$ cat start.cif   # mmCIF, C-alpha atoms (C1' of nucleotides)
data_run
loop_
_atom_site.label_atom_id
_atom_site.label_comp_id
_atom_site.auth_asym_id
_atom_site.auth_seq_id
_atom_site.Cartn_x
_atom_site.Cartn_y
_atom_site.Cartn_z
CA MET J 196 -78.97 -25.59 -14.98
CA PRO J 197 -82.77 -25.47 -14.92
CA SER J 198 -82.84 -28.69 -12.91
CA GLN J 199 -80.78 -27.20 -10.14
CA THR J 200 -82.86 -24.04 -9.93
CA ARG J 201 -86.08 -25.99 -10.09
CA ARG J 202 -85.00 -27.94 -7.03
CA GLU J 203 -84.06 -24.78 -5.31
CA ARG J 204 -87.39 -23.23 -6.22
CA ALA J 205 -89.29 -26.22 -4.86
CA ARG J 206 -87.25 -26.04 -1.71
CA GLU J 207 -87.98 -22.36 -1.27
CA GLU J 208 -91.69 -22.95 -1.82
CA ARG J 209 -91.68 -25.67 0.83
CA ARG J 210 -89.97 -23.34 3.24
CA GLU J 211 -92.59 -20.68 2.66
CA LEU J 212 -95.36 -23.23 3.05
CA ILE J 213 -93.98 -24.25 6.44
CA LEU J 214 -93.66 -20.64 7.54
CA ARG J 215 -97.12 -19.64 6.34
CA THR J 216 -98.72 -22.68 7.96
CA ALA J 217 -96.92 -22.13 11.25
CA ARG J 218 -98.06 -18.54 11.29
CA GLU J 219 -101.67 -19.42 10.53
CA LEU J 220 -101.69 -22.12 13.18
CA ALA J 221 -100.19 -19.74 15.74
CA GLU J 222 -102.70 -17.00 14.99
CA ALA J 223 -105.58 -19.47 15.09
CA GLU J 224 -104.67 -21.42 18.22
CA GLY J 225 -101.61 -19.82 19.80
CA TRP J 226 -97.95 -20.84 19.64
CA GLU J 227 -98.45 -23.70 22.10
CA ALA J 228 -100.49 -25.40 19.37
CA VAL J 229 -97.61 -25.17 16.89
CA THR J 230 -95.93 -28.52 17.50
CA THR J 231 -93.70 -30.41 15.11
CA ARG J 232 -96.31 -33.12 14.65
CA ARG J 233 -99.24 -30.80 14.02
CA LEU J 234 -97.22 -28.55 11.76
CA ALA J 235 -95.83 -31.51 9.80
CA GLU J 236 -99.31 -32.92 9.33
CA ALA J 237 -100.67 -29.55 8.23
CA VAL J 238 -98.05 -29.21 5.49
CA ASP J 239 -98.43 -32.92 4.65
CA TYR J 240 -94.84 -33.89 5.32
CA SER J 241 -93.20 -35.85 8.09
CA GLN J 242 -91.54 -34.05 10.98
CA PRO J 243 -87.91 -34.44 9.90
CA VAL J 244 -88.67 -32.38 6.79
CA LEU J 245 -89.12 -29.35 9.02
CA TYR J 246 -85.58 -29.81 10.27
CA GLY J 247 -84.27 -29.73 6.73
CA HIS J 248 -85.41 -26.12 6.58
CA PHE J 249 -85.09 -24.89 10.16
CA LYS J 250 -82.63 -25.75 12.89
CA ASN J 251 -85.40 -26.22 15.42
CA MET J 252 -88.86 -25.05 16.44
CA ASP J 253 -87.55 -21.74 17.78
CA ALA J 254 -86.00 -20.94 14.41
CA ILE J 255 -89.47 -21.16 12.88
CA SER J 256 -90.99 -18.62 15.22
CA THR J 257 -87.92 -16.43 14.77
CA ALA J 258 -88.45 -16.52 11.00
CA VAL J 259 -92.09 -15.55 11.52
CA ALA J 260 -90.91 -12.72 13.78
CA LEU J 261 -88.64 -11.38 11.03
CA GLU J 262 -91.59 -11.29 8.63
CA GLY J 263 -93.43 -9.39 11.33
CA PHE J 264 -90.68 -6.79 11.66
CA GLU J 265 -90.88 -6.11 7.92
CA GLU J 266 -94.62 -5.62 8.10
CA LEU J 267 -94.52 -3.55 11.27
CA ALA J 268 -91.80 -1.25 9.95
CA ALA J 269 -93.84 -0.62 6.80
CA GLY J 270 -96.96 0.04 8.84
CA LEU J 271 -95.18 2.41 11.21
CA ARG J 272 -93.73 4.33 8.29
CA ALA J 273 -97.14 4.72 6.66
CA GLY J 274 -98.75 5.74 9.95
CA ARG J 275 -96.01 8.24 10.69
CA GLU J 276 -96.22 9.84 7.24
CA HIS J 277 -99.98 10.03 7.50
CA ASP J 278 -100.37 11.39 11.02
CA GLY J 279 -97.03 11.71 12.82
CA LEU J 280 -96.85 10.56 16.41
CA ARG J 281 -100.51 9.59 16.63
CA GLY J 282 -100.46 7.81 13.28
CA LEU J 283 -97.44 5.74 14.33
CA ALA J 284 -98.96 4.86 17.69
CA GLU J 285 -102.20 3.79 16.03
CA ALA J 286 -100.33 1.68 13.50
CA TYR J 287 -98.29 -0.01 16.23
CA LEU J 288 -101.26 -0.93 18.38
CA ARG J 289 -103.31 -2.01 15.38
CA TYR J 290 -100.55 -4.34 14.23
CA ALA J 291 -100.24 -5.93 17.67
CA GLU J 292 -104.00 -6.38 17.88
CA ASP J 293 -104.38 -7.78 14.37
CA HIS J 294 -101.42 -10.18 14.58
CA PRO J 295 -101.09 -11.16 18.24
CA ALA J 296 -99.16 -14.36 17.58
CA VAL J 297 -96.65 -12.68 15.31
CA TYR J 298 -96.30 -9.88 17.86
CA ASP J 299 -95.61 -12.49 20.51
CA ALA J 300 -92.90 -14.05 18.37
CA MET J 301 -91.34 -10.61 17.86
CA PHE J 302 -91.41 -9.25 21.40
CA VAL J 303 -92.64 -11.72 24.01
CA ARG J 304 -91.49 -15.25 23.29
CA ARG J 305 -87.91 -16.11 24.05
CA THR J 306 -85.84 -15.57 20.97
CA ASP J 307 -82.18 -15.48 20.04
CA LEU J 308 -82.67 -12.21 18.18
CA VAL J 309 -80.37 -9.69 19.82
CA PHE J 310 -81.58 -6.12 20.01
CA GLY J 311 -78.99 -3.52 20.92
CA ASP J 312 -76.12 -5.43 19.35
CA ALA J 313 -73.86 -5.21 16.30
CA GLY J 314 -75.36 -8.48 15.07
CA THR J 315 -78.87 -7.04 15.16
CA PRO J 316 -80.67 -7.58 11.84
CA GLU J 317 -81.06 -4.39 9.85
CA ILE J 318 -84.86 -4.61 9.89
CA LEU J 319 -84.88 -4.35 13.68
CA ARG J 320 -82.90 -1.14 13.52
CA THR J 321 -85.22 0.12 10.80
CA THR J 322 -88.27 -0.50 12.98
CA PHE J 323 -86.68 1.25 15.93
CA GLY J 324 -85.68 4.06 13.56
CA GLU J 325 -89.31 4.72 12.68
CA ILE J 326 -90.14 5.40 16.32
CA LEU J 327 -86.96 7.41 16.73
CA ALA J 328 -87.89 9.60 13.78
CA VAL J 329 -91.33 10.45 15.11
CA VAL J 330 -90.14 11.12 18.66
CA THR J 331 -87.00 13.16 17.96
CA PRO J 332 -88.80 16.54 17.61
CA PHE J 333 -90.02 16.19 21.19
CA ALA J 334 -86.61 15.46 22.70
CA PRO J 335 -83.90 16.66 20.29
CA ASP J 336 -81.17 16.43 22.92
CA ASP J 337 -81.76 12.76 23.86
CA PRO J 338 -84.17 11.11 21.43
CA GLU J 339 -83.04 7.53 22.16
CA THR J 340 -84.26 7.57 25.74
CA LEU J 341 -87.67 9.00 24.88
CA THR J 342 -87.89 6.46 22.07
CA GLU J 343 -87.33 3.64 24.53
CA VAL J 344 -89.95 5.07 26.88
CA PHE J 345 -92.49 5.60 24.11
CA TRP J 346 -91.86 2.16 22.66
CA SER J 347 -92.18 0.61 26.12
CA SER J 348 -95.53 2.34 26.61
CA LEU J 349 -96.81 1.06 23.28
CA HIS J 350 -95.49 -2.41 24.06
CA GLY J 351 -97.13 -2.39 27.47
CA LEU J 352 -100.45 -1.26 26.06
CA ALA J 353 -100.24 -3.89 23.32
CA THR J 354 -99.40 -6.85 25.55
CA LEU J 355 -101.72 -5.95 28.42
CA ALA J 356 -104.59 -5.37 25.97
CA ASN J 357 -103.90 -8.65 24.17
CA GLY J 358 -103.93 -10.41 27.54
CA SER J 359 -107.30 -8.86 28.43
CA ARG J 360 -105.77 -6.94 31.29
CA LEU J 361 -107.04 -3.52 30.23
CA ARG J 362 -110.61 -2.29 29.79
CA PRO J 363 -111.47 -3.20 26.19
CA THR J 364 -113.70 -0.14 25.89
CA HIS J 365 -111.03 2.50 26.40
CA HIS J 366 -108.62 1.80 23.58
CA GLN J 367 -108.93 5.24 22.03
CA GLN J 368 -108.77 7.14 25.30
CA ARG J 369 -105.52 5.42 26.29
CA LEU J 370 -104.01 6.25 22.93
CA ASP J 371 -105.11 9.87 23.27
CA HIS J 372 -103.57 10.10 26.72
CA LEU J 373 -100.28 8.60 25.60
CA VAL J 374 -99.96 10.82 22.55
CA ALA J 375 -100.82 13.84 24.67
CA ILE J 376 -98.25 13.25 27.40
CA ILE J 377 -95.49 12.44 24.91
CA SER J 378 -96.11 15.52 22.81
CA HIS J 379 -96.26 17.80 25.86
CA SER J 380 -92.95 16.51 27.18
CA MET C 250 -107.95 -32.67 68.22
CA PRO C 251 -104.22 -32.00 68.05
CA SER C 252 -103.86 -34.91 65.64
CA GLN C 253 -106.15 -33.29 63.11
CA THR C 254 -104.44 -29.94 63.34
CA ARG C 255 -101.02 -31.54 63.21
CA ARG C 256 -101.99 -33.15 59.93
CA GLU C 257 -103.28 -29.90 58.65
CA ARG C 258 -100.12 -28.16 59.73
CA ALA C 259 -97.93 -30.74 58.00
CA ARG C 260 -100.05 -30.41 54.92
CA GLU C 261 -99.73 -26.64 54.93
CA GLU C 262 -95.97 -26.86 55.38
CA ARG C 263 -95.73 -29.23 52.44
CA ARG C 264 -97.74 -26.83 50.34
CA GLU C 265 -95.42 -23.99 51.23
CA LEU C 266 -92.38 -26.13 50.52
CA ILE C 267 -93.69 -26.86 47.03
CA LEU C 268 -94.45 -23.20 46.41
CA ARG C 269 -91.10 -21.98 47.71
CA THR C 270 -89.20 -24.57 45.71
CA ALA C 271 -91.12 -23.82 42.52
CA ARG C 272 -90.39 -20.14 42.95
CA GLU C 273 -86.68 -20.69 43.57
CA LEU C 274 -86.43 -23.01 40.60
CA ALA C 275 -88.23 -20.51 38.38
CA GLU C 276 -86.01 -17.62 39.47
CA ALA C 277 -82.89 -19.71 39.02
CA GLU C 278 -83.64 -21.34 35.67
CA GLY C 279 -86.90 -19.91 34.33
CA TRP C 280 -90.41 -21.34 34.37
CA GLU C 281 -89.64 -23.78 31.56
CA ALA C 282 -87.38 -25.58 34.03
CA VAL C 283 -90.21 -26.00 36.54
CA THR C 284 -91.53 -29.41 35.50
CA THR C 285 -93.47 -31.84 37.64
CA ARG C 286 -90.56 -34.26 37.70
CA ARG C 287 -87.89 -31.73 38.62
CA LEU C 288 -90.10 -30.04 41.18
CA ALA C 289 -91.11 -33.36 42.75
CA GLU C 290 -87.48 -34.41 42.99
CA ALA C 291 -86.49 -31.07 44.51
CA VAL C 292 -89.07 -31.37 47.31
CA ASP C 293 -88.27 -35.09 47.65
CA TYR C 294 -91.76 -36.40 46.90
CA SER C 295 -93.19 -38.15 43.91
CA GLN C 296 -95.10 -36.23 41.29
CA PRO C 297 -98.64 -37.19 42.34
CA VAL C 298 -98.06 -35.45 45.68
CA LEU C 299 -97.99 -32.12 43.83
CA TYR C 300 -101.47 -32.82 42.55
CA GLY C 301 -102.72 -33.33 46.07
CA HIS C 302 -102.01 -29.66 46.68
CA PHE C 303 -102.52 -28.04 43.30
CA LYS C 304 -104.93 -28.83 40.49
CA ASN C 305 -102.16 -28.66 37.91
CA MET C 306 -98.88 -26.97 37.05
CA ASP C 307 -100.58 -23.68 36.14
CA ALA C 308 -102.15 -23.50 39.59
CA ILE C 309 -98.65 -23.52 41.07
CA SER C 310 -97.47 -20.53 39.06
CA THR C 311 -100.76 -18.78 39.81
CA ALA C 312 -100.17 -19.29 43.54
CA VAL C 313 -96.67 -17.85 43.14
CA ALA C 314 -98.20 -14.92 41.27
CA LEU C 315 -100.57 -14.21 44.15
CA GLU C 316 -97.62 -14.08 46.55
CA GLY C 317 -96.05 -11.64 44.12
CA PHE C 318 -99.09 -9.37 44.14
CA GLU C 319 -98.94 -9.15 47.92
CA GLU C 320 -95.27 -8.22 47.81
CA LEU C 321 -95.63 -5.79 44.93
CA ALA C 322 -98.60 -4.01 46.53
CA ALA C 323 -96.62 -3.54 49.74
CA GLY C 324 -93.60 -2.28 47.79
CA LEU C 325 -95.67 0.16 45.75
CA ARG C 326 -97.31 1.51 48.89
CA ALA C 327 -93.94 2.08 50.55
CA GLY C 328 -92.51 3.69 47.43
CA ARG C 329 -95.54 5.93 47.01
CA GLU C 330 -95.46 7.10 50.62
CA HIS C 331 -91.76 7.75 50.42
CA ASP C 332 -91.56 9.59 47.10
CA GLY C 333 -94.94 9.73 45.35
CA LEU C 334 -95.03 9.04 41.63
CA ARG C 335 -91.28 8.54 41.31
CA GLY C 336 -91.10 6.34 44.41
CA LEU C 337 -93.85 4.10 43.10
CA ALA C 338 -92.28 3.84 39.66
CA GLU C 339 -88.92 2.95 41.18
CA ALA C 340 -90.51 0.32 43.41
CA TYR C 341 -92.37 -1.23 40.47
CA LEU C 342 -89.33 -1.50 38.24
CA ARG C 343 -87.15 -2.72 41.06
CA TYR C 344 -89.59 -5.49 41.92
CA ALA C 345 -89.76 -6.64 38.30
CA GLU C 346 -85.98 -6.61 38.04
CA ASP C 347 -85.39 -8.41 41.34
CA HIS C 348 -88.07 -11.10 40.80
CA PRO C 349 -88.33 -11.61 37.05
CA ALA C 350 -89.88 -15.09 37.27
CA VAL C 351 -92.53 -14.01 39.75
CA TYR C 352 -93.23 -10.96 37.59
CA ASP C 353 -93.66 -13.28 34.61
CA ALA C 354 -96.14 -15.39 36.53
CA MET C 355 -98.08 -12.26 37.48
CA PHE C 356 -98.22 -10.46 34.15
CA VAL C 357 -96.74 -12.40 31.25
CA ARG C 358 -97.47 -16.11 31.50
CA ARG C 359 -100.94 -17.26 30.61
CA THR C 360 -103.03 -17.37 33.74
CA ASP C 361 -106.66 -17.82 34.66
CA LEU C 362 -106.52 -14.77 36.94
CA VAL C 363 -109.11 -12.34 35.61
CA PHE C 364 -108.30 -8.66 35.89
CA GLY C 365 -111.20 -6.32 35.32
CA ASP C 366 -113.81 -8.72 36.61
CA ALA C 367 -116.06 -9.15 39.65
CA GLY C 368 -114.17 -12.35 40.50
CA THR C 369 -110.85 -10.51 40.58
CA PRO C 370 -108.95 -11.28 43.81
CA GLU C 371 -108.90 -8.33 46.20
CA ILE C 372 -105.11 -8.11 46.14
CA LEU C 373 -105.16 -7.37 42.41
CA ARG C 374 -107.49 -4.47 42.96
CA THR C 375 -105.30 -3.29 45.84
CA THR C 376 -102.23 -3.29 43.60
CA PHE C 377 -104.03 -1.38 40.88
CA GLY C 378 -105.34 0.97 43.57
CA GLU C 379 -101.79 1.94 44.55
CA ILE C 380 -101.10 3.15 41.04
CA LEU C 381 -104.49 4.83 40.87
CA ALA C 382 -103.79 6.71 44.08
CA VAL C 383 -100.50 8.13 42.89
CA VAL C 384 -101.79 9.10 39.45
CA THR C 385 -105.13 10.66 40.38
CA PRO C 386 -103.73 14.13 41.18
CA PHE C 387 -102.51 14.40 37.58
CA ALA C 388 -105.84 13.49 35.98
CA PRO C 389 -108.63 14.04 38.51
CA ASP C 390 -111.35 13.83 35.86
CA ASP C 391 -110.34 10.42 34.45
CA PRO C 392 -107.75 8.75 36.67
CA GLU C 393 -108.46 5.19 35.46
CA THR C 394 -107.28 5.84 31.93
CA LEU C 395 -104.06 7.53 32.98
CA THR C 396 -103.52 4.69 35.45
CA GLU C 397 -103.76 2.16 32.65
CA VAL C 398 -101.35 4.18 30.51
CA PHE C 399 -98.85 4.64 33.35
CA TRP C 400 -99.08 0.99 34.34
CA SER C 401 -98.62 -0.06 30.71
CA SER C 402 -95.50 2.09 30.47
CA LEU C 403 -94.06 0.56 33.61
CA HIS C 404 -94.97 -2.91 32.39
CA GLY C 405 -93.38 -2.27 29.01
CA LEU C 406 -90.19 -0.95 30.58
CA ALA C 407 -90.07 -3.92 32.96
CA THR C 408 -90.58 -6.64 30.36
CA LEU C 409 -88.40 -5.12 27.64
CA ALA C 410 -85.61 -4.54 30.16
CA ASN C 411 -85.89 -8.09 31.53
CA GLY C 412 -85.70 -9.40 27.96
CA SER C 413 -82.52 -7.37 27.30
CA ARG C 414 -84.30 -5.27 24.72
CA LEU C 415 -83.41 -1.88 26.21
CA ARG C 416 -80.00 -0.32 26.83
CA PRO C 417 -79.02 -1.58 30.27
CA THR C 418 -77.16 1.65 30.97
CA HIS C 419 -80.12 4.03 30.81
CA HIS C 420 -82.39 2.68 33.50
CA GLN C 421 -82.48 5.91 35.48
CA GLN C 422 -82.88 8.18 32.47
CA ARG C 423 -85.93 6.25 31.26
CA LEU C 424 -87.49 6.45 34.68
CA ASP C 425 -86.82 10.20 34.81
CA HIS C 426 -88.40 10.68 31.40
CA LEU C 427 -91.49 8.68 32.30
CA VAL C 428 -92.03 10.44 35.60
CA ALA C 429 -91.55 13.79 33.87
CA ILE C 430 -94.07 13.24 31.08
CA ILE C 431 -96.69 11.82 33.43
CA SER C 432 -96.42 14.65 35.94
CA HIS C 433 -96.58 17.30 33.17
CA SER C 434 -99.74 15.80 31.73
"C1'" DT R 871 -107.07 -54.19 68.10
"C1'" DA R 872 -110.08 -53.67 63.57
"C1'" DG R 873 -111.52 -50.69 60.18
"C1'" DA R 874 -111.53 -46.44 57.78
"C1'" DT R 875 -109.07 -42.63 56.16
"C1'" DT R 876 -105.23 -40.39 54.48
"C1'" DG R 877 -100.83 -40.28 52.28
"C1'" DT R 878 -97.51 -41.99 49.00
"C1'" DC R 879 -95.43 -44.57 45.32
"C1'" DT R 880 -94.86 -47.28 41.02
"C1'" DA R 881 -96.15 -47.60 36.55
"C1'" DG R 882 -98.14 -45.98 32.56
"C1'" DC R 883 -100.92 -43.03 29.06
"C1'" DG R 884 -100.53 -39.89 25.23
"C1'" DG R 885 -98.15 -35.95 24.16
"C1'" DT R 886 -93.57 -33.09 23.19
"C1'" DG R 887 -88.82 -31.83 20.43
"C1'" DC R 888 -85.61 -33.99 17.93
"C1'" DT R 889 -82.65 -37.61 15.31
"C1'" DA R 890 -80.63 -42.05 13.32
"C1'" DA R 891 -81.19 -45.30 9.70
"C1'" DG R 892 -83.01 -46.95 5.73
"C1'" DA R 893 -86.05 -46.53 1.59
"C1'" DT R 894 -87.08 -43.86 -2.55
"C1'" DC R 895 -86.93 -40.63 -6.04
"C1'" DC R 896 -84.51 -38.17 -9.67
"C1'" DG R 897 -80.91 -35.67 -12.35
"C1'" DG R 898 -76.37 -36.54 -14.70
"C1'" DT R 899 -73.32 -39.72 -17.09
"C1'" DC R 900 -71.88 -43.60 -19.82
"C1'" DG T 1419 -81.80 -46.79 -21.96
"C1'" DA T 1420 -79.14 -48.41 -17.71
"C1'" DC T 1421 -76.95 -47.06 -13.86
"C1'" DC T 1422 -74.87 -44.33 -10.17
"C1'" DG T 1423 -74.97 -40.97 -6.54
"C1'" DG T 1424 -76.87 -37.44 -4.07
"C1'" DA T 1425 -80.92 -35.22 -2.40
"C1'" DT T 1426 -85.32 -36.15 -0.09
"C1'" DC T 1427 -88.56 -38.38 2.63
"C1'" DT T 1428 -90.40 -41.73 6.07
"C1'" DT T 1429 -90.46 -45.00 9.87
"C1'" DA T 1430 -89.16 -45.79 14.29
"C1'" DG T 1431 -87.35 -44.45 18.42
"C1'" DC T 1432 -85.08 -41.60 22.37
"C1'" DA T 1433 -85.78 -38.87 26.52
"C1'" DC T 1434 -88.62 -35.74 28.20
"C1'" DC T 1435 -93.38 -33.55 29.34
"C1'" DG T 1436 -98.25 -33.18 32.23
"C1'" DC T 1437 -101.13 -36.00 34.43
"C1'" DT T 1438 -103.60 -40.19 36.61
"C1'" DA T 1439 -105.04 -45.10 38.03
"C1'" DG T 1440 -104.21 -48.51 41.27
"C1'" DA T 1441 -101.54 -50.77 44.80
"C1'" DC T 1442 -99.56 -50.23 49.15
"C1'" DA T 1443 -98.26 -48.13 53.76
"C1'" DA T 1444 -99.05 -45.17 57.60
"C1'" DT T 1445 -102.06 -43.07 60.73
"C1'" DC T 1446 -106.27 -41.87 63.12
"C1'" DT T 1447 -110.95 -43.43 64.94
"C1'" DA T 1448 -113.80 -46.36 67.42
#

$ encode --input "start.cif" --output "structure tokens"
Amino acid sequence: MPSQTRRERAREERRELILRTARELAEAEGWEAVTTRRLAEAVDYSQPVLYGHFKNMDAISTAVALEGFEELAAGLRAGREHDGLRGLAEAYLRYAEDHPAVYDAMFVRRTDLVFGDAGTPEILRTTFGEILAVVTPFAPDDPETLTEVFWSSLHGLATLANGSRLRPTHHQQRLDHLVAIISHS
Amino acid sequence: MPSQTRRERAREERRELILRTARELAEAEGWEAVTTRRLAEAVDYSQPVLYGHFKNMDAISTAVALEGFEELAAGLRAGREHDGLRGLAEAYLRYAEDHPAVYDAMFVRRTDLVFGDAGTPEILRTTFGEILAVVTPFAPDDPETLTEVFWSSLHGLATLANGSRLRPTHHQQRLDHLVAIISHS
DNA sequence: TAGATTGTCTAGCGGTGCTAAGATCCGGTC
DNA sequence: GACCGGATCTTAGCACCGCTAGACAATCTA
């Protein structure tokens, strides 16, 4: 019995090593630098080992994305409990800024994660639920739509800022504006 | 003299053929399908011919993006003149929905187009200026910040909708909400 | 018509994701 | 302790990618 579980434990550790390394590589040099050869070399295994743990390269970034959803949901919850709408917005934008590669895997890169579906992972619904909770007081009759609009605004700010398409000096002012127009709606 | 200009004309037509074909291929199958080999075969030349017109593959999608900025700026202007804030928002989202690959080239794919810089192409400033013009009445003291927020919201709605991450049925409601909260700010 | 210029192609480099086939290790059984 | 069988890992290779050097053909200039 211990032999079997020891193998399984080793396998699980290898899987986490691959995931952690892929994430670090992506954050350091972008997802285009995460190739099977470079990743295999970084974890000191040959390429086929990766395929023993993940179906393909996309499955690796999807797994990183799922980690990201866990972290983001926790951050949003904390931000919301601390400072409501503004706290959640700050937490969202901070997460996107601090983990741009993970954010990309979650929301920008092509993925087979389905969003509005029955097969949607629970954590995705949880994340959406955090935004829903903080927005509902401002649109009790149709909170879903305002949630989508608010989320889209945050997503737009996050991606355009990460792509250096917004003035880097006006982070706080944009957040103030967004929080103001949502709460006056 | 006509010989020289005939050559130049042929060269220009070839360039446009490459651009048009790349754009069609991208809209039909996504940018990942636009490879030098497939594109060369589609225009019935060998791959090195592409490099006689464009420095590399990225330069092709950048050229497509510049076409897109021209079209988008014209659409935004028409929408704005027809129905102000709402008309512009509708025009923006319609363009992104009708030309998802071009929109990607403009705002999502990595590009060497700089945005807030002195070397920014005039057409980019023109496009931004359309949004600025329609938003200024609602924030006369600091129109730039509200412009960035409004643009980010439109961009977020466009990309999340194109990635099937928003309910496809509530297009109009989201637009109504966004226009409402901006104009009440 | 001879030479220079321009245009085009074939072939090839090093990289990519991914996989088949064989070697090797290691736990379970006699 | 010897051996078997399955899990694990590596080498080697496929077809594709962006991109370029060098040979060859077509066209313009003089």

$ residues_around --input "start.cif" --residues "stretch 871-888 of chain R" --least-positions-apart "5" --cutoff "9 Å" --atoms "only C-alpha atoms (C1' of nucleotides)" --output "list in words"
Thr230, Thr231, Arg232, Pro243, Tyr246, Asn251 and Met252 of chain J; Tyr294, Ser295, Pro297 and Val298 of chain C; DC1432, DC1434, DC1435, DG1436, DC1437, DT1438, DA1439, DA1441, DC1442, DA1443, DA1444, DT1445, DC1446, DT1447 and DA1448 of chain T

$ closest_atom_pairs --input "start.cif" --of "chain C" --to "chain J" --cutoff "8 Å" --atoms "all atoms listed in the file" --output "CSV"
residue,atom,partner,partner_atom,distance
C:Val363,CA,J:Arg360,CA,7.7
C:Phe364,CA,J:Arg360,CA,5.5
C:Gly365,CA,J:Arg360,CA,6.8
C:Thr394,CA,J:Arg369,CA,5.9
C:Leu395,CA,J:His372,CA,6.8
C:Glu397,CA,J:Leu361,CA,7.0
C:Val398,CA,J:Arg369,CA,6.1
C:Phe399,CA,J:Ser348,CA,7.9
C:Trp400,CA,J:Gly351,CA,7.9
C:Ser401,CA,J:Gly351,CA,4.3
C:Ser402,CA,J:Ser348,CA,3.9
C:Leu403,CA,J:Ser348,CA,7.4
C:His404,CA,J:Gly351,CA,5.4
C:Gly405,CA,J:Gly351,CA,4.1
C:Leu406,CA,J:Ser347,CA,5.1
C:Leu409,CA,J:Ser347,CA,7.0
C:Ser413,CA,J:Phe310,CA,7.5
C:Arg414,CA,J:Phe310,CA,5.5
C:Leu415,CA,J:Glu343,CA,7.0
C:Arg416,CA,J:Gly311,CA,6.8
C:His419,CA,J:Thr340,CA,7.4
C:Gln422,CA,J:Thr340,CA,6.9
C:Arg423,CA,J:Thr340,CA,5.9
C:His426,CA,J:Leu341,CA,6.8
C:Leu427,CA,J:Val344,CA,6.7
C:Ala429,CA,J:Ser380,CA,7.4
C:Ile430,CA,J:Ser380,CA,5.2
C:Ile431,CA,J:Ile376,CA,6.4
C:His433,CA,J:Ser380,CA,7.0
C:Ser434,CA,J:Ile376,CA,5.2

$ closest_residue --input "start.cif" --among "J:Gly279, J:Gly270, J:Gly263, J:Gly247" --to "chain T" --atoms "all atoms listed in the file"
J:Gly247

$ atom_distance --input "start.cif" --atom1 "atom CA of J:Ala300" --atom2 "atom CA of J:Leu234"
16.5 Å

$ residues_around --input "start.cif" --residues "stretch 280-292 of chain J" --least-positions-apart "5" --cutoff "7 Å" --atoms "only C-alpha atoms (C1' of nucleotides)" --output "short mmCIF file (atom, residue, chain, number, x, y, z; two decimals) with C-alpha atoms, in the coordinates of the input"
data_model
loop_
_atom_site.label_atom_id
_atom_site.label_comp_id
_atom_site.auth_asym_id
_atom_site.auth_seq_id
_atom_site.Cartn_x
_atom_site.Cartn_y
_atom_site.Cartn_z
CA LEU J 267 -94.52 -3.55 11.27
CA GLY J 270 -96.96 0.04 8.84
CA LEU J 271 -95.18 2.41 11.21
CA GLY J 274 -98.75 5.74 9.95
CA ARG J 275 -96.01 8.24 10.69
CA TYR J 298 -96.30 -9.88 17.86
CA VAL J 329 -91.33 10.45 15.11
CA LEU J 349 -96.81 1.06 23.28
CA ALA J 353 -100.24 -3.89 23.32
CA ASN J 357 -103.90 -8.65 24.17
CA VAL J 374 -99.96 10.82 22.55
#

$ resolve_selection --input "start.cif" --expression "the PyMOL selection byres ((chain C and resi 379) around 9)" --output "MDAnalysis selection string"
chainID C and resid 322 325:326 329 337 374:378 380:384

$ resolve_selection --input "start.cif" --expression "the PyMOL selection byres ((chain R and resi 899) around 12)" --output "ChimeraX atom specification"
/R:897-898,900 /T:1420-1423

$ residues_around --input "start.cif" --residues "R:DC896" --least-positions-apart "6" --cutoff "10 Å" --atoms "all atoms listed in the file" --output "list in words"
DG1424, DA1425 and DT1426 of chain T

$ resolve_selection --input "start.cif" --expression "the PyMOL selection byres ((chain J and resi 259) around 10)" --output "PyMOL selection string"
chain J and resi 214-215+217-218+253-258+260-264+296-298+300-301

$ atom_distance --input "start.cif" --atom1 "atom CA of C:Glu265" --atom2 "atom CA of C:Lys304"
15.1 Å

$ residues_near_point --input "start.cif" --point "(-92.0, -43.9, 4.0)" --cutoff "9 Å" --atoms "only C-alpha atoms (C1' of nucleotides)" --output "PyMOL selection string"
(chain R and resi 893-894) or (chain T and resi 1427-1429)

$ write_last_selection --input "start.cif" --atoms "C-alpha atoms (C1' of nucleotides)" --output "PDB file, keeping the file's coordinate frame"
ATOM      1  C1'  DA R 893     -86.050 -46.530   1.590  1.00  0.00           C
ATOM      2  C1'  DT R 894     -87.080 -43.860  -2.550  1.00  0.00           C
TER       3       DT R 894
ATOM      4  C1'  DC T1427     -88.560 -38.380   2.630  1.00  0.00           C
ATOM      5  C1'  DT T1428     -90.400 -41.730   6.070  1.00  0.00           C
ATOM      6  C1'  DT T1429     -90.460 -45.000   9.870  1.00  0.00           C
TER       7       DT T1429
END

$ atom_distance --input "start.cif" --atom1 "atom C1' of T:DA1430" --atom2 "atom C1' of R:DT889"
10.5 Å

$ closest_residue --input "start.cif" --among "J:Leu245, J:Ala223, J:Ile213, J:Ala237" --to "chain T" --atoms "all atoms listed in the file"
J:Leu245

$ closest_residue --input "start.cif" --among "C:Asp353, C:Gly279, C:Leu373, C:Arg263" --to "C:Ala323" --atoms "all atoms listed in the file"
C:Leu373

$ closest_residue --input "start.cif" --among "J:Glu208, J:Glu276, J:Glu219, J:Glu227" --to "chain R" --atoms "all atoms listed in the file"
J:Glu227
